[in-house]
Structures are given as C-alpha cells and as structure tokens.
$ cat model35.tsv   # TSV, C-alpha atoms and all ligand atoms
chain	number	residue	atom	x	y	z
G	104	MET	CA	-80.90	-103.02	28.10
G	105	ILE	CA	-79.54	-99.85	29.68
G	106	ASP	CA	-76.60	-100.44	32.03
G	107	PHE	CA	-77.79	-98.17	34.86
G	108	GLN	CA	-74.98	-99.20	37.20
G	109	HIS	CA	-72.31	-98.19	34.70
G	110	ILE	CA	-73.99	-94.83	34.02
G	111	ILE	CA	-74.42	-94.12	37.73
G	112	ASP	CA	-70.80	-95.04	38.49
G	113	THR	CA	-69.61	-92.67	35.75
G	114	ILE	CA	-71.81	-89.85	37.07
G	115	ALA	CA	-70.58	-90.37	40.65
G	116	LYS	CA	-66.95	-90.42	39.51
G	117	GLU	CA	-67.38	-87.11	37.70
G	118	ALA	CA	-69.17	-85.59	40.70
G	119	ASN	CA	-66.44	-86.67	43.09
G	120	THR	CA	-63.78	-84.79	41.14
G	121	ALA	CA	-65.88	-81.62	40.58
G	122	GLU	CA	-64.27	-78.48	42.00
G	123	GLU	CA	-67.26	-76.13	41.86
G	124	ARG	CA	-69.66	-77.78	44.29
G	125	GLY	CA	-71.94	-74.87	45.32
G	126	LYS	CA	-72.53	-73.60	48.86
G	127	VAL	CA	-73.88	-75.63	51.76
G	128	ALA	CA	-77.00	-73.96	53.27
G	129	SER	CA	-76.25	-72.06	56.46
G	130	TYR	CA	-79.47	-70.11	57.16
G	131	ILE	CA	-80.50	-73.20	59.15
G	132	PRO	CA	-77.28	-73.36	61.25
G	133	GLU	CA	-77.38	-77.13	61.80
G	134	LEU	CA	-77.28	-77.80	58.04
G	135	SER	CA	-73.94	-75.99	57.66
G	136	LYS	CA	-72.18	-78.81	59.54
G	137	VAL	CA	-72.42	-81.15	56.53
G	138	SER	CA	-69.41	-81.57	54.22
G	139	ALA	CA	-69.75	-80.24	50.66
G	140	LYS	CA	-67.69	-83.24	49.51
G	141	LYS	CA	-70.54	-85.71	49.92
G	142	PHE	CA	-72.19	-87.17	46.85
G	143	GLY	CA	-74.65	-90.03	46.64
G	144	ILE	CA	-77.00	-91.37	44.01
G	145	THR	CA	-79.53	-94.24	43.85
G	146	LEU	CA	-81.79	-95.29	41.02
G	147	LEU	CA	-84.63	-97.74	41.65
G	148	ASP	CA	-86.29	-99.21	38.60
G	149	ALA	CA	-89.91	-100.30	38.26
G	150	ASP	CA	-88.98	-103.95	38.95
G	151	GLY	CA	-87.37	-103.02	42.25
G	152	ASN	CA	-83.74	-103.26	41.09
G	153	SER	CA	-81.60	-100.66	42.78
G	154	PHE	CA	-78.34	-99.08	41.52
G	155	SER	CA	-76.23	-96.90	43.81
G	156	ALA	CA	-72.93	-95.08	44.00
G	157	GLY	CA	-71.05	-92.83	46.44
G	158	ASP	CA	-72.65	-91.81	49.77
G	159	SER	CA	-76.01	-93.30	48.79
G	160	ASN	CA	-76.44	-94.93	52.17
G	161	GLU	CA	-75.79	-91.85	54.29
G	162	ARG	CA	-78.80	-90.04	55.75
G	163	PHE	CA	-79.28	-86.32	55.14
G	164	SER	CA	-81.90	-83.69	55.91
G	165	ILE	CA	-84.49	-83.96	53.14
G	166	GLN	CA	-85.97	-80.51	53.91
G	167	SER	CA	-88.40	-79.40	51.17
G	168	ILE	CA	-88.53	-82.85	49.59
G	169	SER	CA	-90.83	-83.66	52.52
G	170	LYS	CA	-93.38	-81.19	51.12
G	171	VAL	CA	-94.35	-83.71	48.45
G	172	LEU	CA	-95.01	-86.34	51.13
G	173	ALA	CA	-97.05	-83.92	53.24
G	174	LEU	CA	-99.04	-83.01	50.12
G	175	ALA	CA	-99.64	-86.70	49.41
G	176	LYS	CA	-100.95	-87.32	52.92
G	177	ALA	CA	-103.15	-84.19	52.92
G	178	PHE	CA	-104.51	-84.97	49.44
G	179	ASP	CA	-105.42	-88.46	50.63
G	180	LEU	CA	-107.23	-87.07	53.69
G	181	GLU	CA	-108.83	-83.98	52.17
G	182	GLY	CA	-109.37	-84.80	48.48
G	183	ASP	CA	-109.97	-81.98	46.01
G	184	HIS	CA	-111.12	-79.58	48.76
G	185	LEU	CA	-107.42	-78.99	49.20
G	186	TRP	CA	-107.26	-76.80	46.12
G	187	GLN	CA	-109.52	-74.19	47.70
G	188	ARG	CA	-106.70	-73.35	50.07
G	189	VAL	CA	-103.60	-73.67	47.90
G	190	GLY	CA	-102.99	-73.12	44.16
G	191	VAL	CA	-101.23	-75.17	41.49
G	192	GLU	CA	-99.28	-72.51	39.61
G	193	PRO	CA	-95.50	-72.11	39.65
G	194	SER	CA	-94.50	-69.07	41.66
G	195	GLY	CA	-91.41	-68.07	39.69
G	196	ASP	CA	-90.13	-66.86	43.05
G	197	PRO	CA	-87.68	-68.21	45.62
G	198	PHE	CA	-89.14	-70.79	48.01
G	199	ASN	CA	-89.54	-68.41	50.93
G	200	HIS	CA	-90.91	-65.27	49.23
G	201	LEU	CA	-93.82	-63.47	50.84
G	202	SER	CA	-94.87	-60.83	48.31
G	203	LEU	CA	-97.17	-63.04	46.18
G	204	LEU	CA	-98.81	-64.34	49.33
G	205	GLU	CA	-99.95	-60.86	50.24
G	206	MET	CA	-101.06	-60.00	46.70
G	207	GLU	CA	-103.06	-63.21	46.47
G	208	ASN	CA	-104.83	-62.92	49.82
G	209	GLY	CA	-103.09	-65.65	51.74
G	210	ILE	CA	-103.66	-68.42	49.17
G	211	PRO	CA	-100.17	-69.77	48.42
G	212	ARG	CA	-99.32	-70.32	44.75
G	213	ASN	CA	-98.62	-74.03	45.19
G	214	PRO	CA	-98.01	-76.65	47.92
G	215	LEU	CA	-94.26	-76.92	47.30
G	216	ILE	CA	-93.21	-73.41	48.32
G	217	ASN	CA	-92.87	-72.81	52.05
G	218	ALA	CA	-96.19	-70.94	52.37
G	219	GLY	CA	-98.05	-73.72	50.57
G	220	ALA	CA	-96.48	-76.41	52.72
G	221	ILE	CA	-97.48	-74.47	55.84
G	222	VAL	CA	-101.14	-74.58	54.70
G	223	ILE	CA	-100.73	-78.31	54.02
G	224	CYS	CA	-99.35	-78.76	57.56
G	225	ASP	CA	-102.40	-76.90	58.91
G	226	ILE	CA	-104.61	-79.47	57.19
G	227	LEU	CA	-102.55	-82.34	58.65
G	228	VAL	CA	-102.75	-80.82	62.14
G	229	SER	CA	-106.55	-80.65	61.79
G	230	LYS	CA	-106.96	-84.15	60.38
G	231	LEU	CA	-104.40	-86.30	62.20
G	232	ASN	CA	-104.64	-87.40	65.84
G	233	ALA	CA	-100.91	-87.14	66.51
G	234	PRO	CA	-99.65	-85.18	63.50
G	235	LYS	CA	-95.87	-85.59	63.92
G	236	GLN	CA	-96.06	-89.29	64.77
G	237	ASP	CA	-98.75	-90.09	62.18
G	238	PHE	CA	-96.85	-88.32	59.40
G	239	LEU	CA	-93.64	-90.14	60.33
G	240	THR	CA	-95.48	-93.48	60.38
G	241	PHE	CA	-96.91	-92.72	56.92
G	242	VAL	CA	-93.38	-92.25	55.51
G	243	GLN	CA	-92.00	-95.27	57.38
G	244	GLN	CA	-94.78	-97.48	56.07
G	245	ILE	CA	-94.34	-96.51	52.42
G	246	ALA	CA	-90.62	-97.34	52.67
G	247	ASN	CA	-91.26	-100.33	54.96
G	248	ASP	CA	-88.51	-98.89	57.14
G	249	PRO	CA	-89.19	-98.05	60.82
G	250	THR	CA	-85.69	-96.58	61.21
G	251	ILE	CA	-86.65	-93.38	59.35
G	252	THR	CA	-86.70	-90.50	61.87
G	253	TYR	CA	-86.80	-86.77	62.35
G	254	ASP	CA	-83.55	-85.00	63.24
G	255	GLU	CA	-84.26	-83.23	66.51
G	256	ALA	CA	-81.22	-80.91	66.23
G	257	VAL	CA	-82.18	-79.75	62.72
G	258	ALA	CA	-85.82	-79.19	63.74
G	259	GLN	CA	-84.80	-77.12	66.78
G	260	SER	CA	-82.20	-75.22	64.77
G	261	GLU	CA	-84.83	-74.20	62.23
G	262	LYS	CA	-87.38	-73.36	64.91
G	263	LYS	CA	-84.93	-70.82	66.35
G	264	THR	CA	-84.13	-69.20	63.00
G	265	GLY	CA	-87.24	-69.72	60.86
G	266	PHE	CA	-88.37	-66.09	60.99
G	267	LYS	CA	-89.59	-66.00	57.40
G	268	ASN	CA	-91.72	-69.07	57.96
G	269	TYR	CA	-93.25	-67.40	61.04
G	270	ALA	CA	-93.91	-64.31	58.88
G	271	ALA	CA	-95.55	-66.45	56.18
G	272	ALA	CA	-97.67	-68.34	58.70
G	273	TYR	CA	-98.91	-65.14	60.39
G	274	LEU	CA	-99.68	-63.59	57.01
G	275	ILE	CA	-101.67	-66.68	55.98
G	276	LYS	CA	-103.43	-66.62	59.35
G	277	SER	CA	-104.32	-62.93	58.88
G	278	TYR	CA	-106.16	-63.89	55.67
G	279	GLY	CA	-108.04	-66.66	57.45
G	280	ASN	CA	-106.28	-69.53	55.65
G	281	LEU	CA	-104.76	-71.10	58.79
G	282	THR	CA	-107.14	-72.88	61.14
G	283	ASN	CA	-104.75	-73.89	63.90
G	284	ASP	CA	-102.32	-71.72	65.81
G	285	VAL	CA	-99.05	-70.75	64.18
G	286	GLU	CA	-96.79	-72.50	66.74
G	287	THR	CA	-98.55	-75.84	66.36
G	288	VAL	CA	-98.53	-75.72	62.56
G	289	LEU	CA	-94.89	-74.66	62.33
G	290	ASP	CA	-93.86	-77.32	64.82
G	291	LEU	CA	-95.09	-79.97	62.35
G	292	TYR	CA	-93.56	-78.03	59.43
G	293	PHE	CA	-90.09	-77.84	61.04
G	294	TYR	CA	-90.11	-81.51	62.07
G	295	MET	CA	-91.34	-82.60	58.66
G	296	CYS	CA	-88.46	-80.70	57.01
G	297	SER	CA	-85.98	-82.36	59.40
G	298	LEU	CA	-86.76	-85.89	58.18
G	299	THR	CA	-83.48	-87.67	57.47
G	300	LEU	CA	-83.28	-90.29	54.75
G	301	SER	CA	-80.53	-91.65	52.53
G	302	CYS	CA	-80.83	-91.75	48.73
G	303	GLU	CA	-81.53	-95.49	49.08
G	304	GLN	CA	-84.44	-94.82	51.45
G	305	LEU	CA	-85.77	-91.85	49.49
G	306	VAL	CA	-86.28	-93.77	46.25
G	307	LYS	CA	-88.32	-96.37	48.12
G	308	VAL	CA	-90.68	-93.66	49.38
G	309	PHE	CA	-90.96	-91.90	46.02
G	310	TYR	CA	-91.55	-95.22	44.26
G	311	ILE	CA	-95.29	-94.62	44.80
G	312	PHE	CA	-95.14	-91.58	42.48
G	313	MET	CA	-93.69	-93.62	39.62
G	314	ASN	CA	-95.87	-96.65	40.29
G	315	HIS	CA	-99.46	-95.28	40.19
G	316	GLY	CA	-99.64	-94.81	43.96
G	317	LYS	CA	-98.42	-98.29	44.98
G	318	CYS	CA	-95.29	-98.94	47.05
G	319	LEU	CA	-92.74	-101.71	46.51
G	320	ARG	CA	-94.92	-104.07	48.57
G	321	ASN	CA	-97.85	-103.28	46.27
G	322	GLN	CA	-99.84	-101.44	48.93
G	323	HIS	CA	-101.98	-98.59	47.65
G	324	TYR	CA	-101.44	-95.07	49.03
G	325	LEU	CA	-102.97	-92.75	46.41
G	326	ASN	CA	-105.06	-93.23	43.29
G	327	ILE	CA	-103.74	-92.64	39.77
G	328	PHE	CA	-105.56	-89.31	39.44
G	329	GLN	CA	-103.92	-88.00	42.60
G	330	ILE	CA	-100.51	-89.25	41.45
G	331	LYS	CA	-101.00	-87.49	38.11
G	332	ARG	CA	-101.71	-84.21	39.93
G	333	ILE	CA	-98.77	-84.51	42.32
G	334	ASN	CA	-96.32	-85.35	39.53
G	335	ALA	CA	-97.59	-82.35	37.54
G	336	ILE	CA	-96.99	-80.10	40.54
G	337	MET	CA	-93.48	-81.52	41.00
G	338	LEU	CA	-92.69	-80.81	37.35
G	339	THR	CA	-93.97	-77.23	37.39
G	340	CYS	CA	-93.18	-76.19	40.98
G	341	GLY	CA	-90.58	-78.60	42.41
G	342	PHE	CA	-87.60	-76.31	41.88
G	343	TYR	CA	-89.08	-72.88	42.64
G	344	ASP	CA	-87.72	-70.25	40.28
G	345	GLU	CA	-85.58	-72.90	38.64
G	346	ALA	CA	-88.44	-75.25	37.70
G	347	GLY	CA	-88.12	-74.27	34.04
G	348	GLU	CA	-84.38	-74.93	34.08
G	349	PHE	CA	-84.85	-78.35	35.70
G	350	ALA	CA	-87.48	-79.32	33.09
G	351	PHE	CA	-85.18	-78.03	30.36
G	352	GLU	CA	-82.03	-79.78	31.60
G	353	VAL	CA	-83.44	-82.95	33.16
G	354	GLY	CA	-87.01	-83.39	31.90
G	355	LEU	CA	-88.49	-85.21	34.90
G	356	PRO	CA	-90.90	-84.32	37.71
G	357	GLY	CA	-88.88	-83.91	40.88
G	358	LYS	CA	-88.27	-82.06	44.10
G	359	SER	CA	-85.25	-80.53	45.76
G	360	GLY	CA	-84.39	-79.62	49.34
G	361	VAL	CA	-81.85	-77.23	50.87
G	362	GLY	CA	-80.15	-80.23	52.51
G	363	GLY	CA	-78.82	-80.91	48.98
G	364	GLY	CA	-81.16	-83.76	48.06
G	365	ILE	CA	-83.09	-84.11	44.82
G	366	VAL	CA	-85.55	-86.83	43.94
G	367	ALA	CA	-86.98	-87.27	40.44
G	368	LEU	CA	-88.92	-89.93	38.59
G	369	LEU	CA	-90.01	-91.23	35.24
G	370	PRO	CA	-93.49	-92.78	35.59
G	371	ASN	CA	-93.48	-96.57	35.07
G	372	GLU	CA	-89.69	-96.61	34.66
G	373	PHE	CA	-87.57	-95.40	37.57
G	374	CYS	CA	-87.16	-93.14	40.54
G	375	VAL	CA	-83.79	-91.53	41.29
G	376	ALA	CA	-82.36	-89.64	44.27
G	377	THR	CA	-79.15	-87.61	44.46
G	378	TRP	CA	-77.46	-85.93	47.40
G	379	SER	CA	-74.78	-83.26	47.19
G	380	PRO	CA	-75.06	-80.56	49.87
G	381	GLY	CA	-73.59	-77.66	47.86
G	382	LEU	CA	-76.40	-75.49	46.45
G	383	ASN	CA	-76.56	-73.13	43.48
G	384	ASP	CA	-77.88	-69.60	43.95
G	385	LYS	CA	-81.50	-70.76	43.58
G	386	GLY	CA	-81.12	-73.16	46.51
G	387	ASN	CA	-80.99	-76.37	44.46
G	388	SER	CA	-78.14	-78.91	44.65
G	389	LYS	CA	-75.56	-77.93	42.04
G	390	LEU	CA	-74.07	-81.36	41.41
G	391	GLY	CA	-77.41	-83.10	41.87
G	392	MET	CA	-78.89	-81.14	38.97
G	393	ARG	CA	-75.84	-81.84	36.85
G	394	ALA	CA	-75.97	-85.56	37.68
G	395	LEU	CA	-79.61	-85.83	36.69
G	396	GLU	CA	-79.03	-83.95	33.45
G	397	LYS	CA	-76.34	-86.51	32.62
G	398	LEU	CA	-78.59	-89.41	33.59
G	399	THR	CA	-81.47	-88.41	31.31
G	400	THR	CA	-79.11	-87.41	28.48
G	401	LYS	CA	-77.01	-90.60	28.63
G	402	THR	CA	-80.05	-92.91	28.91
G	403	GLY	CA	-82.35	-90.94	26.62
G	404	LEU	CA	-85.05	-91.40	29.26
G	405	SER	CA	-87.20	-88.43	30.26
G	406	ILE	CA	-90.87	-87.51	30.06
G	407	PHE	CA	-90.12	-85.70	26.81
R	1	LIG	O1	-88.44	-73.74	55.45
R	1	LIG	C1	-87.30	-73.78	55.02
R	1	LIG	O2	-86.71	-72.79	54.62
R	1	LIG	C2	-86.62	-75.15	54.94
R	1	LIG	N1	-87.07	-75.99	56.01
R	1	LIG	C3	-86.92	-75.86	53.66
R	1	LIG	C4	-86.51	-75.08	52.44
R	1	LIG	C5	-86.14	-75.92	51.29
R	1	LIG	O3	-85.68	-77.04	51.39
R	1	LIG	C6	-86.26	-75.28	49.99
R	1	LIG	N2	-85.64	-76.09	48.98
R	1	LIG	N3	-84.98	-76.01	48.10
$ encode --input "model35.tsv" --output "structure tokens" --more "lines below"
Ligand code: DON
Amino acid sequence: MIDFQHIIDTIAKEANTAEERGKVASYIPELSKVSAKKFGITLLDADGNSFSAGDSNERFSIQSISKVLALAKAFDLEGDHLWQRVGVEPSGDPFNHLSLLEMENGIPRNPLINAGAIVICDILVSKLNAPKQDFLTFVQQIANDPTITYDEAVAQSEKKTGFKNYAAAYLIKSYGNLTNDVETVLDLYFYMCSLTLSCEQLVKVFYIFMNHGKCLRNQHYLNIFQIKRINAIMLTCGFYDEAGEFAFEVGLPGKSGVGGGIVALLPNEFCVATWSPGLNDKGNSKLGMRALEKLTTKTGLSIF
C-alpha cells in the first residue's frame, strides 16, 4: 500500500522551504494580491480517501482550470457537433496567442486555450437558460458543495483588463464562429475563470474525470467516451506550450490556471490538486509542477 499522506507531507515540506517560487500573475490585477508563499495539495483516491497538506483548504482563483468544466458541460449539451467549432490539437503557443486563430479561420486549436474556451462559452450561452447560474450549479452539484462561488472582484478585474480576450472574441466573431455578442460571451468567460475553489474542493469536482464520468455520490455526468476525449485533451493541451514538458515530467492528464492551481488525475486511481501562486515563464505553477513530478516519481504512478 502506498502511504500517500507521508508522500504528500514530504512534498509540502519541500515546497514550503523552496526559495525560487516563480512570479504571481499580475496581468489580472486582482490576482497579484495573493501571497507567493502559499502552497496546498490534496489527493483523492478512487475510494474517496483524501490526503492533504499545507493550504489545501484555502480557496483560490482556478482560472483556466475552469475551461475543462466548461468543456464538459458543453460536450454534454452539444455532443460531437462541438468539434466542428473547435479543434483537438495542441497549439504549441501561449494560452492567449492570436496568430493561429487568424491563420485557421477562427477555429481555435483546442478548447483549453483562451480562444477555444471563448467558443465553448458561446455554446453555453446559446444552450443554457441562465448561463452563469447554470454553470455554477453544475460545478456545485458535482462537488456536492453549494458554497462554491465566483469571485466578483476577480471577474471585474479581468473584464477591465482582458483586452486580448476581447481581441480573440472579435476575431472569432469576424470568422462567423461566435453566435452571441462578444460582451455576453466574455461575461460568462470572465466569471467562469473567477471560480474560487480550494484543492480539497477541486479534487471532488475532477473526480468525475478519473471515475468514468461519475462523481463521489455515483451520479453520472458524462459517458466514458466523453471522459476519454476530455482526458486526452487535458494531456495534450492542458499546459499550453508546456504540455510536452508536463507529460514528460509528470505523466498525467491535467490542467493549470494562472491563479497557480493545477489539477491532474490517473484514471481509476486518484485525482490530485496543487496550489502555489508563483508561475514559471509559461504561466504554469512552478512549485505545483515540481510537486506533481515528485508525486508520480515517488509513487511510480502515472499513465505511462
Ligand atoms: O483569460 C485569461 O487570461 C485568464 N482568465 C485565464 C488564463 C489562464 O489561466 C491560463 N493558464 N495557465
């Protein structure tokens, strides 16, 4: 039996003494208020046992991690039609690049870069009655936790400074791949990115991706074919132009956010979330990546 708690305690101890912690994101001004000293980690195994260390109970802005949840909801509502409007190839580019979008006629490379998530939000705006509330309820229900909320200050902060996302949305619209108006779609996008969850809450939501689409209460959200597709996209596109490095170092499907969170999973085995706000130069949590490399190396558990 692997002693997950011991391994996680060791990883957290090493992280707490690390000097090089990366840089906290500041292009969304509200995010820069968070201390680079924070570090949290939670692992939830298939049987529902949870192992935590550090600031695992503190909520943070999950940012791009929410793109996986938006994709899940849109895939459920739209089925395979979705892939006519967004691709499944890694972009090899930073998360907010626009050049490929123009070269490829407004069809984003994948749903986990900003442009792709904006198209996904367009689908949610078209399909849901009250998009912001319905999306929030979807996340709350998976985790069985009605306390999960958006962070109003972060959403407004990004709305004021999200110029590149406006540029992406208008470019997509110019190619006819955005049905609703830019303001409405980006409103959902910014709120979705502002979702705040702790590591302990995040693993409960991502449990469905390691458990064939079923949550801890055994309720079904997606079928196994959809889960297979979403996990494949996380593996190949979850870390932007560092997806190769994450697969190489960690060897799990996962997703990062500029709030410093990372969530990753081994199907049928466990789901793990880390939070350390300092980012490397690709926009992924520096200590989070290191922690997950240690986890899969020490346990010998990865998809490879
Ligand atoms: O749109 C943005 O730039 C942010 N709301 C999300 C970016 C993000 O988290 C990318 N992740 N590494």
$ residues_around --input "model35.tsv" --residues "region 345-358 of chain G" --least-positions-apart "2" --cutoff "9 Å" --atoms "all atoms listed in the file" --output "PyMOL selection string"
chain G and resi 167-171+193+195-197+215+334-343+360+364-369+385+387+392-393+395-400+404-407
$ closest_residue --input "model35.tsv" --among "G:Ile144, G:Val306, G:Ala220, G:Leu204" --to "Leu274 (chain G)" --atoms "all atoms listed in the file"
G:Leu204
$ residues_around --input "model35.tsv" --residues "region 232-241 of chain G" --least-positions-apart "3" --cutoff "6 Å" --atoms "all atoms listed in the file" --output "list in words"
Val228, Gln244 and Leu291 of chain G
$ closest_residue --input "model35.tsv" --among "G:Gln259, G:Thr282, G:Asn208, G:Thr145" --to "Gln108 (chain G)" --atoms "all atoms listed in the file"
G:Thr145
$ residues_near_ligand --input "model35.tsv" --ligand "ligand LIG 1 (chain R)" --cutoff "6 Å" --atoms "only C-alpha atoms and all ligand atoms" --output "PyMOL selection string"
chain G and resi 166-167+198+217+296+359-361+386-387
$ residues_near_point --input "model35.tsv" --point "(-104.0, -75.6, 45.1)" --cutoff "9 Å" --atoms "all atoms listed in the file" --output "CSV table (one decimal) with C-alpha atoms, in the frame of the given file"
chain,number,residue,atom,x,y,z
G,183,ASP,CA,-110.0,-82.0,46.0
G,184,HIS,CA,-111.1,-79.6,48.8
G,185,LEU,CA,-107.4,-79.0,49.2
G,186,TRP,CA,-107.3,-76.8,46.1
G,187,GLN,CA,-109.5,-74.2,47.7
G,188,ARG,CA,-106.7,-73.4,50.1
G,189,VAL,CA,-103.6,-73.7,47.9
G,190,GLY,CA,-103.0,-73.1,44.2
G,191,VAL,CA,-101.2,-75.2,41.5
G,192,GLU,CA,-99.3,-72.5,39.6
G,210,ILE,CA,-103.7,-68.4,49.2
G,211,PRO,CA,-100.2,-69.8,48.4
G,212,ARG,CA,-99.3,-70.3,44.8
G,213,ASN,CA,-98.6,-74.0,45.2
G,214,PRO,CA,-98.0,-76.6,47.9
G,219,GLY,CA,-98.0,-73.7,50.6
$ closest_residue --input "model35.tsv" --among "G:Ser153, G:Gly403, G:Gly391, G:Glu255" --to "Met295 (chain G)" --atoms "only C-alpha atoms"
G:Glu255
$ atom_distance --input "model35.tsv" --atom1 "CA of Lys116 (chain G)" --atom2 "CA of Glu303 (chain G)"
18.2 Å
$ closest_residue --input "model35.tsv" --among "G:Leu180, G:Ala156, G:Tyr292, G:Asn314" --to "Glu117 (chain G)" --atoms "all atoms listed in the file"
G:Ala156
$ residues_near_point --input "model35.tsv" --point "(-64.8, -81.8, 41.7)" --cutoff "12 Å" --atoms "all atoms listed in the file" --output "mmCIF file with C-alpha atoms, keeping the file's coordinate frame"
data_model
loop_
_atom_site.group_PDB
_atom_site.id
_atom_site.type_symbol
_atom_site.label_atom_id
_atom_site.label_comp_id
_atom_site.auth_asym_id
_atom_site.auth_seq_id
_atom_site.Cartn_x
_atom_site.Cartn_y
_atom_site.Cartn_z
ATOM 1 C CA ILE G 114 -71.810 -89.850 37.070
ATOM 2 C CA ALA G 115 -70.580 -90.370 40.650
ATOM 3 C CA LYS G 116 -66.950 -90.420 39.510
ATOM 4 C CA GLU G 117 -67.380 -87.110 37.700
ATOM 5 C CA ALA G 118 -69.170 -85.590 40.700
ATOM 6 C CA ASN G 119 -66.440 -86.670 43.090
ATOM 7 C CA THR G 120 -63.780 -84.790 41.140
ATOM 8 C CA ALA G 121 -65.880 -81.620 40.580
ATOM 9 C CA GLU G 122 -64.270 -78.480 42.000
ATOM 10 C CA GLU G 123 -67.260 -76.130 41.860
ATOM 11 C CA ARG G 124 -69.660 -77.780 44.290
ATOM 12 C CA GLY G 125 -71.940 -74.870 45.320
ATOM 13 C CA ALA G 139 -69.750 -80.240 50.660
ATOM 14 C CA LYS G 140 -67.690 -83.240 49.510
ATOM 15 C CA LYS G 141 -70.540 -85.710 49.920
ATOM 16 C CA PHE G 142 -72.190 -87.170 46.850
ATOM 17 C CA SER G 379 -74.780 -83.260 47.190
ATOM 18 C CA GLY G 381 -73.590 -77.660 47.860
ATOM 19 C CA LYS G 389 -75.560 -77.930 42.040
ATOM 20 C CA LEU G 390 -74.070 -81.360 41.410
#
$ closest_residue --input "model35.tsv" --among "G:Thr252, G:Gly182, G:Leu174, G:Val285" --to "Phe328 (chain G)" --atoms "all atoms listed in the file"
G:Gly182
$ build_atoms --input "model35.tsv" --residues "region 308-320 of chain G" --atoms "N, CA and C atoms" --output "JSON list (two decimals), in the frame of the given file"
[["chain", "number", "residue", "atom", "x", "y", "z"],
["G", 308, "VAL", "N", -89.49, -94.45, 49.05],
["G", 308, "VAL", "CA", -90.68, -93.66, 49.38],
["G", 308, "VAL", "C", -91.30, -93.09, 48.09],
["G", 309, "PHE", "N", -90.44, -92.54, 47.23],
["G", 309, "PHE", "CA", -90.96, -91.90, 46.02],
["G", 309, "PHE", "C", -91.36, -92.89, 44.93],
["G", 310, "TYR", "N", -91.11, -94.17, 45.19],
["G", 310, "TYR", "CA", -91.55, -95.22, 44.26],
["G", 310, "TYR", "C", -93.05, -95.11, 44.00],
["G", 311, "ILE", "N", -93.82, -94.69, 45.00],
["G", 311, "ILE", "CA", -95.29, -94.62, 44.80],
["G", 311, "ILE", "C", -95.66, -93.62, 43.70],
["G", 312, "PHE", "N", -94.81, -92.59, 43.50],
["G", 312, "PHE", "CA", -95.14, -91.58, 42.48],
["G", 312, "PHE", "C", -94.80, -92.05, 41.06],
["G", 313, "MET", "N", -93.96, -93.06, 40.96],
["G", 313, "MET", "CA", -93.69, -93.62, 39.62],
["G", 313, "MET", "C", -94.51, -94.87, 39.36],
["G", 314, "ASN", "N", -95.18, -95.36, 40.41],
["G", 314, "ASN", "CA", -95.87, -96.65, 40.29],
["G", 314, "ASN", "C", -97.37, -96.52, 40.60],
["G", 315, "HIS", "N", -98.00, -95.45, 40.08],
["G", 315, "HIS", "CA", -99.46, -95.28, 40.19],
["G", 315, "HIS", "C", -99.97, -95.33, 41.62],
["G", 316, "GLY", "N", -99.15, -94.90, 42.58],
["G", 316, "GLY", "CA", -99.64, -94.81, 43.96],
["G", 316, "GLY", "C", -99.36, -96.04, 44.80],
["G", 317, "LYS", "N", -98.70, -97.07, 44.21],
["G", 317, "LYS", "CA", -98.42, -98.29, 44.98],
["G", 317, "LYS", "C", -96.94, -98.38, 45.36],
["G", 318, "CYS", "N", -96.68, -98.83, 46.58],
["G", 318, "CYS", "CA", -95.29, -98.94, 47.05],
["G", 318, "CYS", "C", -94.69, -100.26, 46.57],
["G", 319, "LEU", "N", -93.43, -100.49, 46.95],
["G", 319, "LEU", "CA", -92.74, -101.71, 46.51],
["G", 319, "LEU", "C", -93.45, -102.98, 46.95],
["G", 320, "ARG", "N", -94.19, -102.88, 48.07],
["G", 320, "ARG", "CA", -94.92, -104.07, 48.57],
["G", 320, "ARG", "C", -96.31, -104.17, 47.97]]
